[in-house]
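**Student:** Contents of coords06.cif (mmCIF, C-alpha atoms):
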data_entry
#
loop_
_atom_site.label_atom_id
_atom_site.label_comp_id
_atom_site.auth_asym_id
_atom_site.auth_seq_id
_atom_site.Cartn_x
_atom_site.Cartn_y
_atom_site.Cartn_z
CA MET A 17 122.93 86.51 100.16
CA ARG A 18 124.25 82.96 100.10
CA TRP A 19 124.87 82.84 103.86
CA SER A 20 121.48 84.29 104.75
CA ARG A 21 119.66 81.88 102.44
CA GLU A 22 121.50 78.84 103.80
CA ALA A 23 121.33 79.81 107.49
CA SER A 24 118.64 78.34 109.71
CA ASP A 25 116.07 80.65 111.26
CA GLU A 26 117.84 80.18 114.59
CA ALA A 27 121.24 81.11 113.11
CA LEU A 28 119.70 84.24 111.56
CA PHE A 29 118.14 85.15 114.89
CA GLU A 30 121.33 84.56 116.88
CA ALA A 31 123.33 86.77 114.47
CA ALA A 32 120.70 89.53 114.75
CA ALA A 33 120.40 89.11 118.52
CA ALA A 34 124.16 89.52 118.95
CA ARG A 35 123.98 92.82 117.06
CA ALA A 36 120.97 93.89 119.11
CA ARG A 37 122.82 93.15 122.36
CA ARG A 38 125.78 95.25 121.18
CA LEU A 39 123.40 98.11 120.41
CA ARG A 40 121.80 97.78 123.84
CA ALA A 41 125.25 97.91 125.48
CA PHE A 42 125.60 101.39 123.94
CA GLY A 43 122.17 102.48 125.17
CA VAL A 44 120.25 101.98 121.93
CA THR A 45 116.70 100.83 122.59
CA SER A 46 115.12 101.13 119.11
CA ALA A 47 116.27 100.26 115.62
CA GLU A 48 115.06 99.99 112.07
CA VAL A 49 115.85 96.56 110.68
CA LYS A 50 115.87 96.14 106.92
CA SER A 51 115.73 92.92 105.00
CA GLY A 52 117.52 92.92 101.66
CA TYR A 53 119.92 90.01 101.52
CA GLY A 54 117.50 87.17 100.83
CA LEU A 55 116.36 88.44 97.44
CA SER A 56 113.38 86.11 97.17
CA THR A 57 109.95 86.30 98.76
CA GLU A 58 110.64 83.31 101.01
CA HIS A 59 113.97 84.61 102.27
CA GLU A 60 113.00 88.27 102.64
CA LEU A 61 110.01 87.25 104.77
CA ARG A 62 112.26 85.03 106.92
CA HIS A 63 114.50 88.03 107.60
CA LEU A 64 111.52 90.17 108.59
CA ARG A 65 110.22 87.46 110.94
CA VAL A 66 113.62 87.36 112.63
CA ALA A 67 113.56 91.14 112.99
CA ARG A 68 110.12 91.03 114.60
CA ARG A 69 111.37 88.32 116.99
CA LEU A 70 114.01 90.74 118.30
CA GLN A 71 111.19 92.84 119.69
CA THR A 72 109.07 89.90 120.83
CA GLU A 73 112.01 88.67 122.90
CA GLY A 74 112.60 92.13 124.39
CA LEU A 75 115.97 92.85 122.81
CA LEU A 76 114.99 96.08 120.99
CA GLN A 77 111.98 98.05 119.86
CA VAL A 78 112.00 97.31 116.14
CA THR A 79 110.55 98.90 113.06
CA THR A 80 111.01 96.85 109.92
CA SER A 81 111.56 97.74 106.29
CA LEU A 82 111.19 95.30 103.41
CA LEU A 83 114.22 95.92 101.20
CA GLY A 84 113.55 93.16 98.70
CA ALA A 85 114.51 95.63 95.98
CA HIS A 86 118.10 95.88 97.19
CA ALA A 87 119.50 94.08 94.15
CA VAL A 88 118.37 91.75 91.42
CA PRO A 89 119.38 88.19 92.33
CA PRO A 90 121.84 86.64 89.88
CA ASP A 91 119.52 83.77 88.97
CA VAL A 92 116.41 85.84 88.10
CA GLU A 93 115.56 88.05 85.12
CA ARG A 94 115.20 91.72 86.13
CA ASP A 95 111.57 92.31 85.06
CA ALA A 96 110.49 89.02 86.62
CA TYR A 97 112.13 90.00 89.90
CA VAL A 98 110.41 93.41 89.98
CA ASP A 99 107.13 91.56 89.33
CA GLU A 100 107.90 89.23 92.26
CA VAL A 101 108.54 92.15 94.59
CA VAL A 102 105.35 93.94 93.53
CA GLU A 103 103.00 90.99 93.15
CA ARG A 104 104.14 88.56 95.86
CA MET A 105 106.72 89.94 98.27
CA ILE A 106 105.01 93.20 99.23
CA PRO A 107 101.50 91.72 99.58
CA LYS A 108 102.76 88.82 101.74
CA ALA A 109 104.87 91.09 103.97
CA ALA A 110 101.91 93.42 104.47
CA GLU A 111 99.40 90.60 104.98
CA GLU A 112 101.57 89.00 107.68
CA GLY A 113 102.32 92.35 109.35
CA LEU A 114 106.05 91.82 108.91
CA ALA A 115 106.98 95.22 107.45
CA ASP A 116 106.21 98.77 108.46
CA ALA A 117 107.81 100.23 105.35
CA CYS A 118 109.24 99.26 101.99
CA ASP A 119 112.67 100.41 100.83
CA VAL A 120 114.19 100.40 97.34
CA TYR A 121 117.79 100.92 96.26
CA LEU A 122 117.24 103.54 93.56
CA ASP A 123 120.57 104.28 91.93
CA ASP A 124 122.79 103.70 88.95
CA GLY A 125 123.37 99.95 88.71
CA ALA A 126 120.45 99.22 91.03
CA PHE A 127 116.76 99.97 90.42
CA THR A 128 115.53 102.70 88.09
CA ARG A 129 113.21 105.55 89.04
CA ASP A 130 110.34 103.87 87.17
CA GLU A 131 110.96 100.53 88.90
CA ALA A 132 111.18 102.25 92.28
CA ALA A 133 107.96 104.17 91.63
CA ARG A 134 106.18 100.92 90.73
CA ILE A 135 107.51 99.08 93.79
CA LEU A 136 106.85 101.89 96.25
CA GLY A 137 103.42 102.54 94.73
CA ALA A 138 102.54 98.90 95.38
CA ALA A 139 103.89 99.22 98.91
CA LYS A 140 101.78 102.29 99.62
CA ALA A 141 98.70 100.53 98.21
CA ALA A 142 99.43 97.67 100.66
CA GLY A 143 99.62 100.10 103.59
CA LEU A 144 103.42 100.29 103.88
CA ARG A 145 105.35 103.56 104.13
CA ALA A 146 108.05 104.38 101.57
CA ARG A 147 111.81 104.66 102.09
CA ALA A 148 114.66 104.48 99.58
CA HIS A 149 118.39 104.44 99.14
CA VAL A 150 118.76 107.44 96.82
CA GLY A 151 121.60 109.06 94.93
CA GLN A 152 124.51 107.22 96.46
CA PHE A 153 126.31 107.30 93.12
CA ALA A 154 124.02 109.07 90.61
CA ASP A 155 121.06 111.44 90.66
CA LEU A 156 118.18 109.58 89.02
CA GLY A 157 115.44 111.80 90.43
CA GLY A 158 115.02 109.70 93.55
CA ALA A 159 114.86 112.63 95.96
CA GLU A 160 111.99 114.12 93.98
CA LEU A 161 110.24 110.74 93.86
CA MET A 162 110.50 110.40 97.63
CA ALA A 163 108.95 113.86 97.99
CA GLU A 164 106.12 112.94 95.60
CA LEU A 165 105.41 109.76 97.58
CA GLY A 166 105.55 111.46 100.98
CA ALA A 167 108.24 108.98 101.98
CA LEU A 168 109.48 108.54 105.53
CA SER A 169 113.13 108.89 104.55
CA ALA A 170 115.79 108.72 101.89
CA ASP A 171 119.26 107.29 102.64
CA HIS A 172 122.68 108.21 101.24
CA LEU A 173 121.99 111.37 99.16
CA GLU A 174 125.60 111.94 98.10
CA ALA A 175 124.61 112.63 94.48
CA VAL A 176 121.30 114.50 94.53
CA SER A 177 120.40 117.98 93.34
CA GLU A 178 119.64 120.97 95.53
CA GLY A 179 116.16 120.92 94.01
CA GLY A 180 115.69 117.30 95.07
CA LEU A 181 116.80 118.10 98.61
CA ARG A 182 114.45 121.09 98.72
CA ALA A 183 111.56 118.93 97.52
CA MET A 184 112.31 116.39 100.24
CA ALA A 185 112.48 119.10 102.90
CA GLU A 186 109.18 120.63 101.78
CA ALA A 187 107.51 117.19 101.85
CA GLY A 188 108.94 116.33 105.29
CA VAL A 189 111.08 113.44 104.02
CA VAL A 190 113.90 112.74 106.48
CA ALA A 191 117.38 112.85 104.95
CA VAL A 192 119.58 110.04 106.31
CA LEU A 193 123.28 110.54 105.69
CA LEU A 194 125.57 107.51 105.88
CA PRO A 195 129.12 108.83 106.15
CA GLY A 196 130.52 105.41 107.01
CA ALA A 197 129.20 103.94 103.75
CA TRP A 198 130.45 106.93 101.78
CA ARG A 199 133.90 106.73 103.34
CA THR A 200 134.35 103.01 102.82
CA LEU A 201 132.98 102.93 99.26
#
Would you write out, as structure tokens, the structure that this file holds?
**Tutor:**
Amino acid sequence: MRWSREASDEALFEAAAARARRLRAFGVTSAEVKSGYGLSTEHELRHLRVARRLQTEGLLQVTTSLLGAHAVPPDVERDAYVDEVVERMIPKAAEEGLADACDVYLDDGAFTRDEAARILGAAKAAGLRARAHVGQFADLGGAELMAELGALSADHLEAVSEGGLRAMAEAGVVAVLLPGAWRTL
């Protein structure tokens, strides 16, 4: 978070462009780019602008996800931050056409099911699709919430119920497994 907030727009772009070039070297032509390390409206929007620039400059086809609800920043009260995401961050990202979807980290120690439902409900109302990090460490009903919302996808899924997975499958929510994250954490 500290590095991404202090970096210039050009430094952010060059770091992202280097990753994009590595992906291209392996034949990847499209990628989802998530924000999530700025943790303020100003910085999350900067990250999304950089992601859009990757496509503008022909490095990759990009779809973007606003992941402002990745963590609560250390200098902000939790409820105030959720309000910021819902009332300022999502509307600005949608208004500027910077995000295609909104993602929330819904897990133990992250955002609750109720907070995620509020955030993703606001995102849907703003015309953004829903995604979430769900059940990496605990089953908080996130898989079922993603099914209820008709989400694009749910990531992680190490700790979700069979019923939650069935609900996702029936609703057409894509299950994204991240074995590298599981293995390293």
**Student:** Taking the file as shown, find all residues satisfying the PyMOL selection byres ((chain A and resi 149-157) around 8) and write them as a ChimeraX atom specification.
**Tutor:** /A:119-124,128-129,147-148,158-161,170-177,180,198
**Student:** Just give me the gap between CA of Glu58 (chain A) and CA of Gly74 (chain A) in Å, one decimal is fine.
**Tutor:**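 Taking CA of Glu58 (chain A) as the start and CA of Gly74 (chain A) as the end point, the length is 25.1 Å.
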**Student:** On this structure, the PyMOL selection byres ((chain A and resi 49) around 10) would catch which residues? List them as a ChimeraX atom specification, sorted by chain and number.
**Tutor:** /A:32,46-48,50-52,63-64,66-68,70,78-83,115
**Student:** Residues within 9 Å of (102.6, 94.4, 99.2), file coordinates, counting all atoms listed in the file: what are they? Give the list as an NGL selection string.
**Tutor:** :A and (101-111 or 118 or 135 or 138-144)
**Student:** One decimal, Å: what's the distance from CA of Glu100 (chain A) over to CA of Ala87 (chain A), could you say?
**Tutor:**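 Distance between the two atoms: 12.7 Å.
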**Student:** Can you tell me how far CA of Val88 (chain A) sits from CA of Arg18 (chain A), in Å to one decimal?
**Tutor:**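 Going from CA of Val88 (chain A) over to CA of Arg18 (chain A) covers 13.7 Å.
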**Student:** Pick from A:His86, A:Glu112, A:Ala146, A:Leu165: nearest to Ala126 (chain A), with only C-alpha atoms counted?
**Tutor:**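 Nearest to Ala126 (chain A): A:His86.
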**Student:** Which residue out of A:Met17, A:Ala85, A:Ala41, A:Ala167 has the minimum interatomic distance to Ala132 (chain A) when all atoms listed in the file are used?
**Tutor:**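 Looking at the shortest contact to Ala132 (chain A), the residue is A:Ala85.
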**Student:** Measuring between only C-alpha atoms, which one of A:Leu55, A:Thr45, A:Glu73, A:Arg62 shows the shortest distance to Ala33 (chain A)?
**Tutor:**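 With only C-alpha atoms as the atom set, the closest residue is A:Glu73.
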**Student:** Mind working out the centre and edge lengths of an axis-aligned box for region 41-52 of chain A, all listed atoms inside, 3 Å added to each side, rounded to one decimal in Å and written as JSON?
**Tutor:**
{"center_x": 120.3, "center_y": 97.7, "center_z": 113.6, "size_x": 16.5, "size_y": 15.6, "size_z": 29.8}
**Student:** Of the candidates A:Pro90, A:Gly84, A:Gly166, A:Gly54, which one gets nearest to Phe127 (chain A) if we count all atoms listed in the file?
**Tutor:**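 Residue with the minimum atom-to-atom distance to Phe127 (chain A): A:Gly84.
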**Student:** Compare A:Ala23, A:Gly113, A:Leu76, A:Glu93 by their minimum atom-to-atom distance to Leu61 (chain A), counting all atoms listed in the file, and give me the closest one.
**Tutor:**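 Checking each candidate against Leu61 (chain A), we get A:Gly113 as the closest.
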**Student:** Check which residues satisfy the PyMOL selection byres ((chain A and resi 186) around 12) in the file shown, then give them as a list in words.
**Tutor:**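 With the shown file as input, the PyMOL selection byres ((chain A and resi 186) around 12) matches Ala159, Glu160, Met162, Ala163, Glu164, Gly166, Ala167, Gly179, Gly180, Leu181, Arg182, Ala183, Met184, Ala185, Ala187, Gly188, Val189, Val190 and Ala191 of chain A.
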**Student:** Nearest residue to Asp116 (chain A) out of A:Arg94, A:Arg199, A:Arg134, A:Arg145, using only C-alpha atoms?
**Tutor:** A:Arg145
**Student:** Could you pull region 134-175 of chain A out of the block above and save it with N, CA and C atoms, as a PDB file, in the first residue's frame?
**Tutor:**
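Result file result28.pdb:
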ATOM      1  N   ARG A 134     -23.483  -5.198   0.978  1.00  0.00           N
ATOM      2  CA  ARG A 134     -23.715  -3.756   0.810  1.00  0.00           C
ATOM      3  C   ARG A 134     -22.842  -3.195  -0.318  1.00  0.00           C
ATOM      4  N   ILE A 135     -21.566  -3.551  -0.296  1.00  0.00           N
ATOM      5  CA  ILE A 135     -20.622  -3.045  -1.302  1.00  0.00           C
ATOM      6  C   ILE A 135     -20.998  -3.547  -2.695  1.00  0.00           C
ATOM      7  N   LEU A 136     -21.231  -4.835  -2.815  1.00  0.00           N
ATOM      8  CA  LEU A 136     -21.538  -5.387  -4.137  1.00  0.00           C
ATOM      9  C   LEU A 136     -22.929  -4.966  -4.621  1.00  0.00           C
ATOM     10  N   GLY A 137     -23.856  -4.730  -3.701  1.00  0.00           N
ATOM     11  CA  GLY A 137     -25.156  -4.183  -4.088  1.00  0.00           C
ATOM     12  C   GLY A 137     -25.009  -2.796  -4.680  1.00  0.00           C
ATOM     13  N   ALA A 138     -24.154  -1.977  -4.067  1.00  0.00           N
ATOM     14  CA  ALA A 138     -23.883  -0.634  -4.602  1.00  0.00           C
ATOM     15  C   ALA A 138     -23.206  -0.732  -5.965  1.00  0.00           C
ATOM     16  N   ALA A 139     -22.312  -1.680  -6.108  1.00  0.00           N
ATOM     17  CA  ALA A 139     -21.623  -1.860  -7.385  1.00  0.00           C
ATOM     18  C   ALA A 139     -22.612  -2.246  -8.483  1.00  0.00           C
ATOM     19  N   LYS A 140     -23.487  -3.186  -8.184  1.00  0.00           N
ATOM     20  CA  LYS A 140     -24.486  -3.597  -9.180  1.00  0.00           C
ATOM     21  C   LYS A 140     -25.388  -2.426  -9.554  1.00  0.00           C
ATOM     22  N   ALA A 141     -25.781  -1.633  -8.559  1.00  0.00           N
ATOM     23  CA  ALA A 141     -26.625  -0.460  -8.827  1.00  0.00           C
ATOM     24  C   ALA A 141     -25.902   0.547  -9.720  1.00  0.00           C
ATOM     25  N   ALA A 142     -24.575   0.571  -9.656  1.00  0.00           N
ATOM     26  CA  ALA A 142     -23.770   1.480 -10.481  1.00  0.00           C
ATOM     27  C   ALA A 142     -23.421   0.869 -11.840  1.00  0.00           C
ATOM     28  N   GLY A 143     -23.899  -0.352 -12.094  1.00  0.00           N
ATOM     29  CA  GLY A 143     -23.651  -0.984 -13.385  1.00  0.00           C
ATOM     30  C   GLY A 143     -22.408  -1.849 -13.449  1.00  0.00           C
ATOM     31  N   LEU A 144     -21.803  -2.142 -12.297  1.00  0.00           N
ATOM     32  CA  LEU A 144     -20.614  -3.002 -12.266  1.00  0.00           C
ATOM     33  C   LEU A 144     -21.015  -4.431 -11.925  1.00  0.00           C
ATOM     34  N   ARG A 145     -20.314  -5.388 -12.476  1.00  0.00           N
ATOM     35  CA  ARG A 145     -20.534  -6.803 -12.146  1.00  0.00           C
ATOM     36  C   ARG A 145     -19.848  -7.122 -10.826  1.00  0.00           C
ATOM     37  N   ALA A 146     -20.276  -8.208 -10.183  1.00  0.00           N
ATOM     38  CA  ALA A 146     -19.746  -8.597  -8.878  1.00  0.00           C
ATOM     39  C   ALA A 146     -18.735  -9.734  -9.001  1.00  0.00           C
ATOM     40  N   ARG A 147     -17.701  -9.639  -8.183  1.00  0.00           N
ATOM     41  CA  ARG A 147     -16.695 -10.683  -7.993  1.00  0.00           C
ATOM     42  C   ARG A 147     -16.354 -10.664  -6.506  1.00  0.00           C
ATOM     43  N   ALA A 148     -15.760 -11.730  -5.991  1.00  0.00           N
ATOM     44  CA  ALA A 148     -15.301 -11.684  -4.599  1.00  0.00           C
ATOM     45  C   ALA A 148     -14.236 -12.735  -4.349  1.00  0.00           C
ATOM     46  N   HIS A 149     -13.374 -12.419  -3.404  1.00  0.00           N
ATOM     47  CA  HIS A 149     -12.482 -13.400  -2.801  1.00  0.00           C
ATOM     48  C   HIS A 149     -13.334 -14.045  -1.705  1.00  0.00           C
ATOM     49  N   VAL A 150     -13.537 -15.333  -1.760  1.00  0.00           N
ATOM     50  CA  VAL A 150     -14.489 -15.993  -0.869  1.00  0.00           C
ATOM     51  C   VAL A 150     -13.867 -17.234  -0.234  1.00  0.00           C
ATOM     52  N   GLY A 151     -14.048 -17.357   1.064  1.00  0.00           N
ATOM     53  CA  GLY A 151     -13.717 -18.608   1.742  1.00  0.00           C
ATOM     54  C   GLY A 151     -12.282 -19.050   1.616  1.00  0.00           C
ATOM     55  N   GLN A 152     -11.355 -18.114   1.647  1.00  0.00           N
ATOM     56  CA  GLN A 152      -9.949 -18.529   1.633  1.00  0.00           C
ATOM     57  C   GLN A 152      -9.598 -19.197   2.955  1.00  0.00           C
ATOM     58  N   PHE A 153     -10.136 -18.647   4.049  1.00  0.00           N
ATOM     59  CA  PHE A 153      -9.830 -19.186   5.372  1.00  0.00           C
ATOM     60  C   PHE A 153     -11.062 -19.651   6.148  1.00  0.00           C
ATOM     61  N   ALA A 154     -12.233 -19.066   5.871  1.00  0.00           N
ATOM     62  CA  ALA A 154     -13.442 -19.412   6.620  1.00  0.00           C
ATOM     63  C   ALA A 154     -14.665 -19.286   5.716  1.00  0.00           C
ATOM     64  N   ASP A 155     -15.650 -20.109   5.968  1.00  0.00           N
ATOM     65  CA  ASP A 155     -16.894 -20.069   5.209  1.00  0.00           C
ATOM     66  C   ASP A 155     -17.858 -19.113   5.895  1.00  0.00           C
ATOM     67  N   LEU A 156     -18.026 -17.934   5.305  1.00  0.00           N
ATOM     68  CA  LEU A 156     -18.930 -16.920   5.858  1.00  0.00           C
ATOM     69  C   LEU A 156     -20.188 -16.772   5.006  1.00  0.00           C
ATOM     70  N   GLY A 157     -20.452 -17.754   4.149  1.00  0.00           N
ATOM     71  CA  GLY A 157     -21.621 -17.662   3.284  1.00  0.00           C
ATOM     72  C   GLY A 157     -21.363 -16.881   2.010  1.00  0.00           C
ATOM     73  N   GLY A 158     -20.120 -16.672   1.682  1.00  0.00           N
ATOM     74  CA  GLY A 158     -19.775 -15.901   0.495  1.00  0.00           C
ATOM     75  C   GLY A 158     -20.153 -16.572  -0.809  1.00  0.00           C
ATOM     76  N   ALA A 159     -20.017 -17.882  -0.880  1.00  0.00           N
ATOM     77  CA  ALA A 159     -20.375 -18.586  -2.118  1.00  0.00           C
ATOM     78  C   ALA A 159     -21.863 -18.413  -2.397  1.00  0.00           C
ATOM     79  N   GLU A 160     -22.670 -18.532  -1.367  1.00  0.00           N
ATOM     80  CA  GLU A 160     -24.109 -18.344  -1.529  1.00  0.00           C
ATOM     81  C   GLU A 160     -24.435 -16.901  -1.925  1.00  0.00           C
ATOM     82  N   LEU A 161     -23.737 -15.937  -1.336  1.00  0.00           N
ATOM     83  CA  LEU A 161     -23.950 -14.534  -1.687  1.00  0.00           C
ATOM     84  C   LEU A 161     -23.617 -14.297  -3.153  1.00  0.00           C
ATOM     85  N   MET A 162     -22.518 -14.862  -3.626  1.00  0.00           N
ATOM     86  CA  MET A 162     -22.142 -14.690  -5.027  1.00  0.00           C
ATOM     87  C   MET A 162     -23.214 -15.272  -5.941  1.00  0.00           C
ATOM     88  N   ALA A 163     -23.795 -16.409  -5.547  1.00  0.00           N
ATOM     89  CA  ALA A 163     -24.881 -16.999  -6.331  1.00  0.00           C
ATOM     90  C   ALA A 163     -26.095 -16.078  -6.331  1.00  0.00           C
ATOM     91  N   GLU A 164     -26.451 -15.543  -5.179  1.00  0.00           N
ATOM     92  CA  GLU A 164     -27.606 -14.635  -5.080  1.00  0.00           C
ATOM     93  C   GLU A 164     -27.419 -13.406  -5.959  1.00  0.00           C
ATOM     94  N   LEU A 165     -26.194 -12.906  -6.032  1.00  0.00           N
ATOM     95  CA  LEU A 165     -25.908 -11.687  -6.801  1.00  0.00           C
ATOM     96  C   LEU A 165     -25.688 -11.945  -8.290  1.00  0.00           C
ATOM     97  N   GLY A 166     -25.623 -13.213  -8.678  1.00  0.00           N
ATOM     98  CA  GLY A 166     -25.313 -13.525 -10.073  1.00  0.00           C
ATOM     99  C   GLY A 166     -23.926 -13.042 -10.446  1.00  0.00           C
ATOM    100  N   ALA A 167     -22.982 -13.234  -9.542  1.00  0.00           N
ATOM    101  CA  ALA A 167     -21.619 -12.733  -9.715  1.00  0.00           C
ATOM    102  C   ALA A 167     -20.931 -13.382 -10.909  1.00  0.00           C
ATOM    103  N   LEU A 168     -19.912 -12.691 -11.411  1.00  0.00           N
ATOM    104  CA  LEU A 168     -19.071 -13.249 -12.466  1.00  0.00           C
ATOM    105  C   LEU A 168     -18.251 -14.417 -11.938  1.00  0.00           C
ATOM    106  N   SER A 169     -17.631 -14.206 -10.753  1.00  0.00           N
ATOM    107  CA  SER A 169     -16.712 -15.223 -10.244  1.00  0.00           C
ATOM    108  C   SER A 169     -16.515 -15.074  -8.747  1.00  0.00           C
ATOM    109  N   ALA A 170     -15.963 -16.128  -8.184  1.00  0.00           N
ATOM    110  CA  ALA A 170     -15.527 -16.129  -6.789  1.00  0.00           C
ATOM    111  C   ALA A 170     -14.152 -16.787  -6.761  1.00  0.00           C
ATOM    112  N   ASP A 171     -13.192 -16.119  -6.090  1.00  0.00           N
ATOM    113  CA  ASP A 171     -11.812 -16.598  -6.025  1.00  0.00           C
ATOM    114  C   ASP A 171     -11.541 -17.296  -4.704  1.00  0.00           C
ATOM    115  N   HIS A 172     -10.591 -18.176  -4.706  1.00  0.00           N
ATOM    116  CA  HIS A 172     -10.060 -18.929  -3.568  1.00  0.00           C
ATOM    117  C   HIS A 172     -10.900 -20.168  -3.302  1.00  0.00           C
ATOM    118  N   LEU A 173     -11.940 -20.084  -2.498  1.00  0.00           N
ATOM    119  CA  LEU A 173     -12.897 -21.180  -2.265  1.00  0.00           C
ATOM    120  C   LEU A 173     -12.337 -22.378  -1.510  1.00  0.00           C
ATOM    121  N   GLU A 174     -11.256 -22.195  -0.769  1.00  0.00           N
ATOM    122  CA  GLU A 174     -10.696 -23.316  -0.016  1.00  0.00           C
ATOM    123  C   GLU A 174     -11.601 -23.755   1.128  1.00  0.00           C
ATOM    124  N   ALA A 175     -12.368 -22.830   1.693  1.00  0.00           N
ATOM    125  CA  ALA A 175     -13.188 -23.134   2.872  1.00  0.00           C
ATOM    126  C   ALA A 175     -14.642 -22.752   2.609  1.00  0.00           C
TER     127      ALA A 175
END
